[in-house]
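A short write-up of the structure that comes next.
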Amino acid sequence: MPKFRNVREGAARLCGLRCIHTHPSNKPFSKADLTTLAKLRLDLIVAIGVDPSGKFSKKLGQQSNFADIIYMAHLMPGKNNEGNNWNALEPQTLRQLNSENFEEFVLNLEEEFLKEQADLIAVTEEERAILVSLFCKGYSRWEVDGSIDELESLADTAGAKVVYKLIQKRDRPDSAFYLGSGKAEELSLLVQEHNANLVIIDSELTPKQQKNLEEKIGVKTIDRTELILDIFAQRAQTKEGKLQVELAQLKYLYPRLIGAGISLSRQMGGGTSGGIATRGPGETKLETDRRAIRKRLQHLENEVEQIRLYRYIQRKKRSKQGIPVAALVGYTNTGKSTLINALSDSDVFVENKLFATLDPTTRRIVLPDHSYVLLSDTVGFIQRLPTSLIAAFRATLEEVAEADVVIHIVDASHRDFPEQIDTVYDVLTELEANNKPFITVFNKIDLVEDINSIEEFAKNPNVVKISALNREGLGTLIAMLHKVILDSNLLNV
C-alpha cells in the first residue's frame with residue numbers, strides 16, 4: 001500500500017486513518033498487514049475473518065456470523081516482550097467490537113506516545129541507518145561480518161547512526177530487490193521499528209534494485225559505493241579534490257539518472273549539508289538533460305586532465321632537483337597522516353575515522369646523510385574501492401605510480417590486516433606501482449595484543465614495526481628508507 005499524502009504527522013500522532021479488510025482464510029494478521037500498520041502509522045488495522053459456519057461466534061455462545069472473527073492491532077510506544085512495536089489484541093466477535101469506543105482509544109494511545117516520546121515516530125534530523133548485507137556462496141561468515149563492520153565505520157564517518165544490521169543468507173543477490181522480496185518486506189518493518197530514515201546496502205546496487213528497494217521500504221536507500229562517494233565529498237577541501245569527487249559522483253549517477261529515473265532532486269548541493277548521498281554536484285539542469293550531463297562530465301574530465309598535466313610538470317621539476325619521492329600508501333585509517341606528521345613535524349589533519357584526509361600532502365624530511373626525501377601522503381584504500389573513484393582520482397594516484405619508493409603502512413592492530421594488505425596490493429597492481437622499491441611498515445604496534453600475528457609477515461624484506469603516535473621505531477624506519485634509496489641509486493636521479 002503506498003504512503004498517503006496530506007495526512008497528519010507529528011512526534012505523538014498517528015495518521016488518522018484506519019484500515020479494515022477481510023481475511024477469507026480466517027487467519028490472523030500477515031507480515032504485510034503489520035508492515036502496512038507500521039509504515040503508514042495507521043490508527044488501527046482490522047482484519048475480518050470470514051467463516052460461513054461461524055465457529056468462533058458459536059464458541060463464545062453467540063449467534064453465528066459470516067464475519068465471524070475480528071482481529072485488531074495498533075502501534076505502541078516502545079516495544080513488547082517479543083521486541084515488536086505493535087500490539088495485536090485478542091480476537092473478538094463483531095458484537096464485542098461494537099462496544100468499543102475507538103475515538104477514545106486512539107486519543108489515549110496518542111497520549112501514551114506523547115508521554116513516552118516513542119522512537120517509532122520521533123521526528124529527528126539525525127540519519128538513522130540500517131545496514132544490509134548478503135551472505136552468498138563463496139564467502140565465509142567472518143568475511144561478511146568484517147565487511148558489514150567496515151560499512152558501519154563508513155556510516156559513522158559519514159555522520160549516520162547505525163541502529164540495526166541485517167544479514168541474509170542467499171545463493172546470489174535478487175535481480176529485482178537485491179534481497180529476497182520477503183526479506184525486503186521485513187526490512188520495511190525494521191525501518192519503522194527502529195525509526196530509520198536511511199538504508200545502506202553493503203554492495204553496489206543496480207539502478208533497478210535501488211529504485212525497487214526505495215519504493216518498497218519508503219526511505220532513502222544507498223549502496224556502499226554511494227556512501228564512500230559521499231564521504232569523499234565531505235572530505236574534499238581543495239579545488240582539485242572537489243573536481244575529482246564530482247567527476248566520480250557523476251560517473252556513478254549517470255546510468256542511474258538515465259536508466260532508473262532517479263533524478264538529482266536528492267542532490268541538494270551547497271557543501272556538506274543535506275545528509276548522506278545529498279552532497280556533491282548540486283541540483284542543476286543535469287536532472288533532465290542528457291546532453292548537459294555529458295557536457296559536464298567532459299568538462300570535469302578536461303579539468304582533471306589539467307591536474308594530471310600540472311602534477312606531471314611538478315614531478316619533472318623534482319626529478320631535475322634529484323630529490324627522491326616516497327609515497328605513503330595503505331588502507332584507510334592506518335595512520336599515514338600521523339606518520340607524516342611525526343617524521344616532518346607538520347600538522348596534517350588527523351582523525352580516527354575512515355578517509356580522514358583526502359587531498360594529497362607532500363613533506364620534506366632529512367635522511368641520516370643530510371640528503372632529502374619527499375614524503376607524499378595519498379588517499380587511503382579500502383575494499384571494493386569504487387572504480388569511478390579510481391578513475392577520477394587517477395591524477396592523484398599517479399603520485400604513487402611515479403614515486404621512487406612505496407611505503408606501505410599497515411594497521412598491525414586491526415583484526416583483518418592480512419586482507420587489508422591484499423586490498424592495497426590489488427590497487428597498487430592496478431596502478432602498475434607494485435614493482436617499485438617497497439617498505440612495509442607495521443604501525444600501531446603498541447596496540448597489538450598478539451605480536452605473533454605479524455611475525456610471519458615480518459620475515460619479508462624491508463619490514464619495520466613502529467608506533468607513529470608514540471614516535472616509536474621512527475629512527476629504524478628512516479634508516480630503512482635511506483638504505484633502500486641508496487641501494488636503488490635514487491639520490492643520483
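Labels used: A, B, ... for chains in the order of the C-alpha cells, numbers from 1 for residues in each chain, and numbers from 1 for ligands as shown.
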
Handout entry: Contacts of Gln92 of chain A at 10 Å (only C-alpha atoms; same-chain gap of 6+ positions) as a VMD selection string
Key = chain A and resid 48 56 to 57 60 68 to 72 98

Could you give me, as a ChimeraX atom specification, the residues within 12 Å of Thr36 of chain A, counting only C-alpha atoms and dropping anything in the same chain fewer than 4 positions from it? /A:1-4,17-20,29-32,40-46,73-75,86,185-186,188-192,216-218

- Task: Could you tell me how far atom CA of Leu250 of chain A lies from atom CA of Ala176 of chain A, in Å and to one decimal?
- Result: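 Result for atom CA of Leu250 of chain A versus atom CA of Ala176 of chain A: 23.6 Å, one decimal.
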
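Compared by their closest atoms to Asp422 of chain A, and using only C-alpha atoms, the residues A:Tyr312, A:Tyr331, A:Phe102, A:Phe113 rank with A:Tyr331 nearest.
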
- Task: Tell me which of A:Val373, A:Ala391, A:Leu89, A:Leu213 sits closest to Pro324 of chain A, counting only C-alpha atoms.
- Result: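 Closest candidate: A:Val373.
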
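Counting only C-alpha atoms, the residue from A:Ile231, A:Ile167, A:Leu198, A:Ile485 that sits nearest to Val245 of chain A is A:Ile231.
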
(request) Enumerate the residues of segment 62-163 of chain A with a DSSP assignment of strand (DSSP E), computed from the backbone, and present them as a list in words. (result) Ala67, Asp68, Ile69, Ile70, Tyr71, Met72, Ala73, His74, Leu75, Trp86, Asn87, Ala88, Arg128, Ala129, Ile130, Leu131, Val132, Ser133, Leu134, Phe135, Lys161, Val162 and Val163 of chain A

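The protein and nucleic acid residues lying at most 8 Å from segment 362-368 of chain A are Ile340, Leu343, Ser344, Val373, Leu374, Leu375, Ser376, Asp377, Ile478, Ala479 and His482 of chain A, with only C-alpha atoms considered and sequence neighbours fewer than 5 positions away removed.
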
With C-alpha atoms retained, could you export that selection as a short mmCIF file (atom, residue, chain, number, x, y, z; two decimals), in the first residue's frame?
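Just written: out25.cif:
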data_model
loop_
_atom_site.label_atom_id
_atom_site.label_comp_id
_atom_site.auth_asym_id
_atom_site.auth_seq_id
_atom_site.Cartn_x
_atom_site.Cartn_y
_atom_site.Cartn_z
CA ILE A 340 53.95 12.07 8.07
CA LEU A 343 58.50 12.41 10.53
CA SER A 344 58.23 16.02 9.32
CA VAL A 373 63.46 12.80 0.51
CA LEU A 374 59.90 13.93 -0.22
CA LEU A 375 57.11 12.02 1.51
CA SER A 376 53.78 12.05 -0.33
CA ASP A 377 50.63 11.07 1.61
CA ILE A 478 64.27 6.44 8.38
CA ALA A 479 67.37 4.24 8.34
CA HIS A 482 67.80 5.67 3.50
#

Restricting the calculation to only C-alpha atoms, which member of A:Ile228, A:Asp347, A:Thr157, A:Thr93 is positioned closest to Lys55 of chain A?
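Smallest distance to Lys55 of chain A is found for A:Thr93.
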
Exercise for the section: Can you check which residues of segment 132-280 of chain A DSSP gives as helix (DSSP H, G or I) on the backbone and send them as a count of residues only? Expected result: 78

key: Residue contacts of Ser133 of chain A (9 Å, only C-alpha atoms) excluding same-chain residues fewer than 4 positions away, as a list in words   =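 What passes the distance filter is Val144, Asp145, Ser147, Ile148, Lys165, Leu166, Ile167, Gln168, Lys169, Leu179, Ile200, Ile201, Asp202 and Ser203 of chain A.
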